[in-house]
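One structure below.
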Amino acid sequence: MLIRMLRIDVIAPRRQLQPVLRTLHQAGIVHLVPFEPPTGSGASVFEHPSSLDTSAAKHKLDWLGELAAWLGPAEVRPLLAAELWALDPHDLEERLAAITPVHDLARGLATERALAQDEQRGFERLRELAEGLRRTMDRLPVPPGYAVGAVILPPRARVAVDALDNEITGLTMGRCGLEVCDLGSNRVAVVLVFPARHTDDLQRLLGARQLDWYPVPEGLARVPFDDLMPMLAQEVERCRARTDRAQAELAALAVQHAATVAALQLVLSDRVGEAQAVGEAGASDHLVVLSGWVPERHLPALRSALGPGVAVAGRKPTDVELERAPVAFDNGRLIRAFEPLASFVSLPRYGSLDPTPALALTFPLFFGLMVGDAGYGLLLLALIVWARRRWRGWRFMPVFWPVAFLATVATIGFGILYGEWFGDTGRAVIGLRPLWLDRQESIQSLLLLAIGIGIAQVGLGLALGAVNAARLGHRRNVVARLAQLASMAAGLVVLGWMAAMVAPAAGYAALVVLGIGLVIVAATLGIAGPLEMITIAGNVLSYSRLMAIGVASVMLALVANRLGALPGNLLLGLAVAAGLHLLNIALGTFDATVQGLRLHYVEFFPKFVEPGHVRYAPFASALDLASPGAGSPG
Amino acid sequence: MDEGIRYLAAALAVGLGAVGTGWAQSRIGAAGAGSIAEKPELTGTIVVLLAIPETMVILGFVIAAVIIFH
């Protein structure tokens with residue numbers, strides 16, 4: 001069900017705005033909305049106080065973010081964060097100032113690490129270059145006053161070497177040498193020897209051509225390659241040691257300060273949120289009013305948190321306010337898992353029926369009806385139990401586990417009813433027999449069952465639509481939904497009459513009801529009303545996919561068994577059958593999920609779910625501050 | 001001969017339905033991917049729109065089943 005909300009105004013002396021906001025933030029149960037002055041009181045009485053300047057706090061947040069990135073990921077320690085959360089602005093500023101030396105130190109170490117890594121890459125590239133060049137020469141021909149460096153190109157850019165040669169020859173007035181050597185791994189190096197005074201011009205030219213330049217250090221340029229290789233290996237090791245040293249010092253800093261930095265980030269972002277919330281308030285000369293929504297059952301807790309000096313006025317929302325009321329769910333643990341699926345297309349409107357329980361009941365049944373194989377179900381169950389153990393901390397596990405568990409249990413149940421264990425393997429090996437329907441033979445019965453489910457669910461949707469319309473006070477829609485329901489029932493009786501399954505008297509009566517129903521539908525919904533009846537017929541027929549997917553699944557299982565039996569070799573036969581069964585499980589799971597949800601989203605929900613405005617988002621800290629609501633409405 | 005024509009009719013019922021569904025989904029999918037790139041909040045709506053043409057091939061399959069098994 002959806003939580004009952006109260007529209008509230010928190011009224012306090014103007015000077016208490018900041019402490020009241022802090023208390024609301026700590027309570028974490030009020031969904032704040034911008035204050036709107038009561039009718040009759042103009043802007044001359046109430047004004048929106050300007051939001052506090054948050055630019056300094058945001059700058060500090062960026063500063064902390066930089067430090068956190070250098071120190072690496074850290075978990076927030078709740079006690080430390082709660083202690084920092086309680087600090088006044090002055091003390092918080094002092095704590096931030098205390099971090100400044102750490103920031104400076106970390107910046108130095110991070111820079112040192114980056115420089116060492118950069119140098120290491122340069123030496124490694126040089127080693128690669130020397131390795132390539134030593135096949136054709138024993139040292140670089142570098143006259144005094146000349147510098148040397150290399151550009152590394154992919155092979156497809158080899159055609160650009162001549163153009164590069166021309167440009168550099170022009171730049172140095174012919175005083176340059178160019179050597180191309182193959183580095184392997186589809187790369188070529190172009191080694192350039194040129195007058196050292198042209199270094200800047202050359203770098204500019206190469207930068208403009210988006211080519212990376214690897215200069216050879218002056219001290220290494222004239223060393224024979226045989227001597228150069230061990231020297232470069234030493235340089236690489238030296239750079240690696242520098243990187244490791246900087247990394248180790250950063251890790252030591254992280255042990256000491258990372259948790260504090262993470263907590264400060266959280267607290268500071270909460271302070272920014274509070275400063276921005278000031279702009280939502282309405283203020284007169286002496287009073288300040290904060291408007292919002294709160295779950296009805298949390299109102300006493302809110303009053304007690306704010307204390308006697310602050311008034312909390314709960315009032316009946318106007319029709320316009322109801323349209324914008326935030327929506328929050330309140331369901332049991334098992335059903336709660338289906339809430340994201342139920343609100344995937346749109347949130348239900350505040351005050352209407354919650355579609356989640358209906359989805360929680362029928363989605364697993366549809367899944368089981370379509371996959372319907374005890375062997376597949378047990379395999380899927382084992383898989384999701386393993387997944388639950390393997391990824392226990394995964395944030396979607398509380399949603400995934402109940403939904404998948406119910407769906408696989410339904411698959412096993414329907415598998416037993418259909419007498420299926422990896423297709424017809426159960427029949428052949430253990431003599432399993434269908435208890436209810438044989439999907440291989442009774443395709444028409446399965447089709448009738450699917451259409452019957454469609455009639456029941458679409459009919460239920462129309463009935464719930466009438467209830468919903470009554471709850472929301474839409475009388476015209478109540479009449480329209482009931483007329484559609486009656487027309488649908490009458491249409492079914494007429495079909496039964498045509499098939500000689502219903503007495504003619506009942507058929508005539510149904511025709512009359514159908515006629516009256518269509519007239520009422522047209523009168524209440526306009527010309528689109530009768531057309532919608534055609535859509536409803538289409539919706540019902542759409543449930544035949546329950547049969548179609550199911551039959552496709554069982555047929556693929558039979559094909560897997562037949563193909564598995566074809567080869568004379570037992571192992572090969574098992575491998576073929578197992579591969580096809582796994583493919584069938586994957587396809588069946590995917591199809592049954594998508595089609596099961598689609599039947600709800602397209603066929604069922606539109607009959608009664610009206611789209612809502614926004615999800616309930618209380619003004620709360622990311623930190624659990626042990627408040628009555630603690631950020632959760634439930 | 002009659003048997004052959006029945007199977008041909010069943011194949012056409014599923015095949016043409018599948019072609020129609022595929023064509024419609026390709027158009028909706030391409031437009032939907034563009035819409036989601038600009039407005040991720042439209043994902044739910046696009047998924048629903050993408051699922052609508054599937055009815056054609058499902059109904060084609062049902063007709064084929066009726067032709068073959070009736």
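Going by the structure tokens order, chains are called A, B, ..., each with residues numbered from 1, while ligands are numbered from 1 in the order shown.
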>> Select, as number ranges by chain, those residues of chain A with any atom no more than 12 Å from chain B (distances computed using only C-alpha atoms).
In response: A: 340-347, 440-448, 450-451, 535, 538-552, 591, 594-603, 605-606, 611
Near B:Trp23, counting only C-alpha atoms, which residues have an atom at most 12 Å away, once you skip same-chain residues fewer than 3 positions from it, shown as a JSON list (two decimals) with C-alpha atoms, in the first residue's frame?
[["chain", "number", "residue", "atom", "x", "y", "z"],
["B", 16, "LEU", "CA", 4.85, -12.45, -41.52],
["B", 17, "GLY", "CA", 3.96, -11.59, -37.93],
["B", 18, "ALA", "CA", 7.64, -11.88, -36.98],
["B", 19, "VAL", "CA", 8.70, -9.69, -39.91],
["B", 20, "GLY", "CA", 6.13, -7.06, -38.93],
["B", 26, "SER", "CA", 13.64, -1.80, -35.14],
["B", 27, "ARG", "CA", 12.04, 1.60, -35.74],
["B", 28, "ILE", "CA", 10.85, 2.00, -32.15],
["B", 29, "GLY", "CA", 14.14, 0.71, -30.75],
["B", 30, "ALA", "CA", 16.25, 3.12, -32.79],
["B", 50, "LEU", "CA", 9.07, -1.49, -27.61],
["B", 53, "PRO", "CA", 4.44, -4.77, -31.46],
["B", 54, "GLU", "CA", 5.28, -8.21, -30.02],
["B", 56, "MET", "CA", 1.63, -9.35, -33.74],
["B", 57, "VAL", "CA", 3.99, -12.31, -33.73]]
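For A:Val288, the list of residues within 6 Å, based on only C-alpha atoms and with local chain neighbours fewer than 5 positions off taken out, reads A:Ile11, A:Ala12, A:Pro13, A:Arg14, A:Gly282, A:Ala283.
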>> Can you measure atom CA of A:Pro364 to atom CA of A:Met397 for me? One decimal in Å is fine.
In response: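 Calculated distance between atom CA of A:Pro364 and atom CA of A:Met397 is 17.1 Å.
Counting only C-alpha atoms, the residue from A:Glu167, A:Glu280, A:Asp354, A:Asp330 that sits nearest to A:Pro295 is A:Asp330.
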> Neighbours of B:Ala10 within 8 Å (only C-alpha atoms; same-chain residues fewer than 3 positions away dropped), as a ChimeraX atom specification?
Replying inline: /B:6-7,13-14,61,63-65,67-68
>> If I take atom CA of A:Arg134 and atom CA of A:Cys181, how far is one from the other in Å, to one decimal?
In response: 9.7 Å
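Residues lying within 12 Å of A:Ala97, counting only C-alpha atoms and ignoring same-chain neighbours fewer than 6 positions away, are Lys60, Trp63, Leu64, His90, Asp91, His103, Asp104, Val261 and Leu264 of chain A.
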>> If I take atom CA of A:Thr172 and atom CA of A:Leu202, how far is one from the other in Å, to one decimal?
In response: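 Computing it gives 8.9 Å between the two atoms.
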>> DSSP on the backbone, alpha helix (DSSP H) only: what residues of stretch 251-375 of chain A does that give? Format it as number ranges by chain.
In response: A: 251-277, 299-306, 319-323, 333-336, 339-342, 356-371, 374-375
With C-alpha atoms retained, write the just-selected residues as a PDB file, in the first residue's frame.
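Resulting contents of again10.pdb:
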ATOM      1  CA  ALA A 251      48.859   4.598   1.947  1.00  0.00           C
ATOM      2  CA  ALA A 252      50.231   5.492   5.387  1.00  0.00           C
ATOM      3  CA  LEU A 253      48.493   8.877   5.162  1.00  0.00           C
ATOM      4  CA  ALA A 254      45.278   7.119   4.135  1.00  0.00           C
ATOM      5  CA  VAL A 255      45.394   4.866   7.191  1.00  0.00           C
ATOM      6  CA  GLN A 256      45.583   7.953   9.385  1.00  0.00           C
ATOM      7  CA  HIS A 257      43.272  10.364   7.584  1.00  0.00           C
ATOM      8  CA  ALA A 258      41.116   8.740   4.876  1.00  0.00           C
ATOM      9  CA  ALA A 259      38.205   7.975   7.215  1.00  0.00           C
ATOM     10  CA  THR A 260      38.206  11.575   8.509  1.00  0.00           C
ATOM     11  CA  VAL A 261      38.262  12.926   4.956  1.00  0.00           C
ATOM     12  CA  ALA A 262      35.335  10.670   3.963  1.00  0.00           C
ATOM     13  CA  ALA A 263      33.353  11.787   7.021  1.00  0.00           C
ATOM     14  CA  LEU A 264      34.145  15.455   6.349  1.00  0.00           C
ATOM     15  CA  GLN A 265      32.966  15.060   2.758  1.00  0.00           C
ATOM     16  CA  LEU A 266      29.672  13.645   3.969  1.00  0.00           C
ATOM     17  CA  VAL A 267      29.186  16.329   6.623  1.00  0.00           C
ATOM     18  CA  LEU A 268      30.099  19.154   4.267  1.00  0.00           C
ATOM     19  CA  SER A 269      27.719  17.943   1.557  1.00  0.00           C
ATOM     20  CA  ASP A 270      24.979  17.830   4.230  1.00  0.00           C
ATOM     21  CA  ARG A 271      25.816  21.439   5.170  1.00  0.00           C
ATOM     22  CA  VAL A 272      25.506  22.434   1.502  1.00  0.00           C
ATOM     23  CA  GLY A 273      22.093  20.723   1.422  1.00  0.00           C
ATOM     24  CA  GLU A 274      20.988  22.650   4.506  1.00  0.00           C
ATOM     25  CA  ALA A 275      22.177  25.948   3.075  1.00  0.00           C
ATOM     26  CA  GLN A 276      20.252  25.302  -0.138  1.00  0.00           C
ATOM     27  CA  ALA A 277      17.109  24.321   1.819  1.00  0.00           C
ATOM     28  CA  LEU A 299       4.149  13.322  12.936  1.00  0.00           C
ATOM     29  CA  PRO A 300       4.405  12.787  16.732  1.00  0.00           C
ATOM     30  CA  ALA A 301       8.094  11.885  16.382  1.00  0.00           C
ATOM     31  CA  LEU A 302       8.683  15.042  14.350  1.00  0.00           C
ATOM     32  CA  ARG A 303       6.919  17.229  16.920  1.00  0.00           C
ATOM     33  CA  SER A 304       8.924  15.673  19.712  1.00  0.00           C
ATOM     34  CA  ALA A 305      12.210  16.186  17.810  1.00  0.00           C
ATOM     35  CA  LEU A 306      11.471  19.869  17.141  1.00  0.00           C
ATOM     36  CA  ASP A 319      -6.691  19.272  -4.538  1.00  0.00           C
ATOM     37  CA  VAL A 320      -3.769  20.990  -6.265  1.00  0.00           C
ATOM     38  CA  GLU A 321      -1.392  19.897  -3.483  1.00  0.00           C
ATOM     39  CA  LEU A 322      -2.697  16.318  -3.699  1.00  0.00           C
ATOM     40  CA  GLU A 323      -1.690  16.221  -7.362  1.00  0.00           C
ATOM     41  CA  ARG A 333       9.540  -7.580   3.160  1.00  0.00           C
ATOM     42  CA  LEU A 334       8.614 -10.021   0.407  1.00  0.00           C
ATOM     43  CA  ILE A 335       6.350  -7.649  -1.504  1.00  0.00           C
ATOM     44  CA  ARG A 336       8.744  -4.714  -1.030  1.00  0.00           C
ATOM     45  CA  GLU A 339       8.266  -2.112  -5.640  1.00  0.00           C
ATOM     46  CA  PRO A 340      10.972  -1.087  -8.146  1.00  0.00           C
ATOM     47  CA  LEU A 341       9.342  -3.298 -10.780  1.00  0.00           C
ATOM     48  CA  ALA A 342       5.872  -1.932 -10.010  1.00  0.00           C
ATOM     49  CA  THR A 356       2.843  -3.910  -6.049  1.00  0.00           C
ATOM     50  CA  PRO A 357       0.911  -6.730  -4.243  1.00  0.00           C
ATOM     51  CA  ALA A 358      -0.843  -7.688  -7.490  1.00  0.00           C
ATOM     52  CA  LEU A 359       2.498  -7.807  -9.310  1.00  0.00           C
ATOM     53  CA  ALA A 360       4.078  -9.821  -6.481  1.00  0.00           C
ATOM     54  CA  LEU A 361       1.312 -12.407  -6.790  1.00  0.00           C
ATOM     55  CA  THR A 362       0.978 -12.745 -10.548  1.00  0.00           C
ATOM     56  CA  PHE A 363       4.478 -12.137 -11.914  1.00  0.00           C
ATOM     57  CA  PRO A 364       5.998 -15.292 -10.327  1.00  0.00           C
ATOM     58  CA  LEU A 365       2.907 -17.262 -11.430  1.00  0.00           C
ATOM     59  CA  PHE A 366       3.282 -16.064 -15.020  1.00  0.00           C
ATOM     60  CA  PHE A 367       6.990 -16.878 -14.944  1.00  0.00           C
ATOM     61  CA  GLY A 368       6.288 -20.375 -13.631  1.00  0.00           C
ATOM     62  CA  LEU A 369       3.467 -20.897 -16.133  1.00  0.00           C
ATOM     63  CA  MET A 370       5.795 -20.043 -19.030  1.00  0.00           C
ATOM     64  CA  VAL A 371       9.026 -21.827 -17.996  1.00  0.00           C
ATOM     65  CA  ALA A 374      10.890 -28.799 -12.391  1.00  0.00           C
ATOM     66  CA  GLY A 375      14.463 -29.534 -13.520  1.00  0.00           C
TER      67      GLY A 375
END
>> If we count only C-alpha atoms and set the cut-off at 10 Å, which residues sit around A:Gly184, ignoring sequence neighbours fewer than 2 positions away in its own chain? Please answer as an MDAnalysis selection string.
In response: chainID A and resid 128 132 155 181:182 186:189
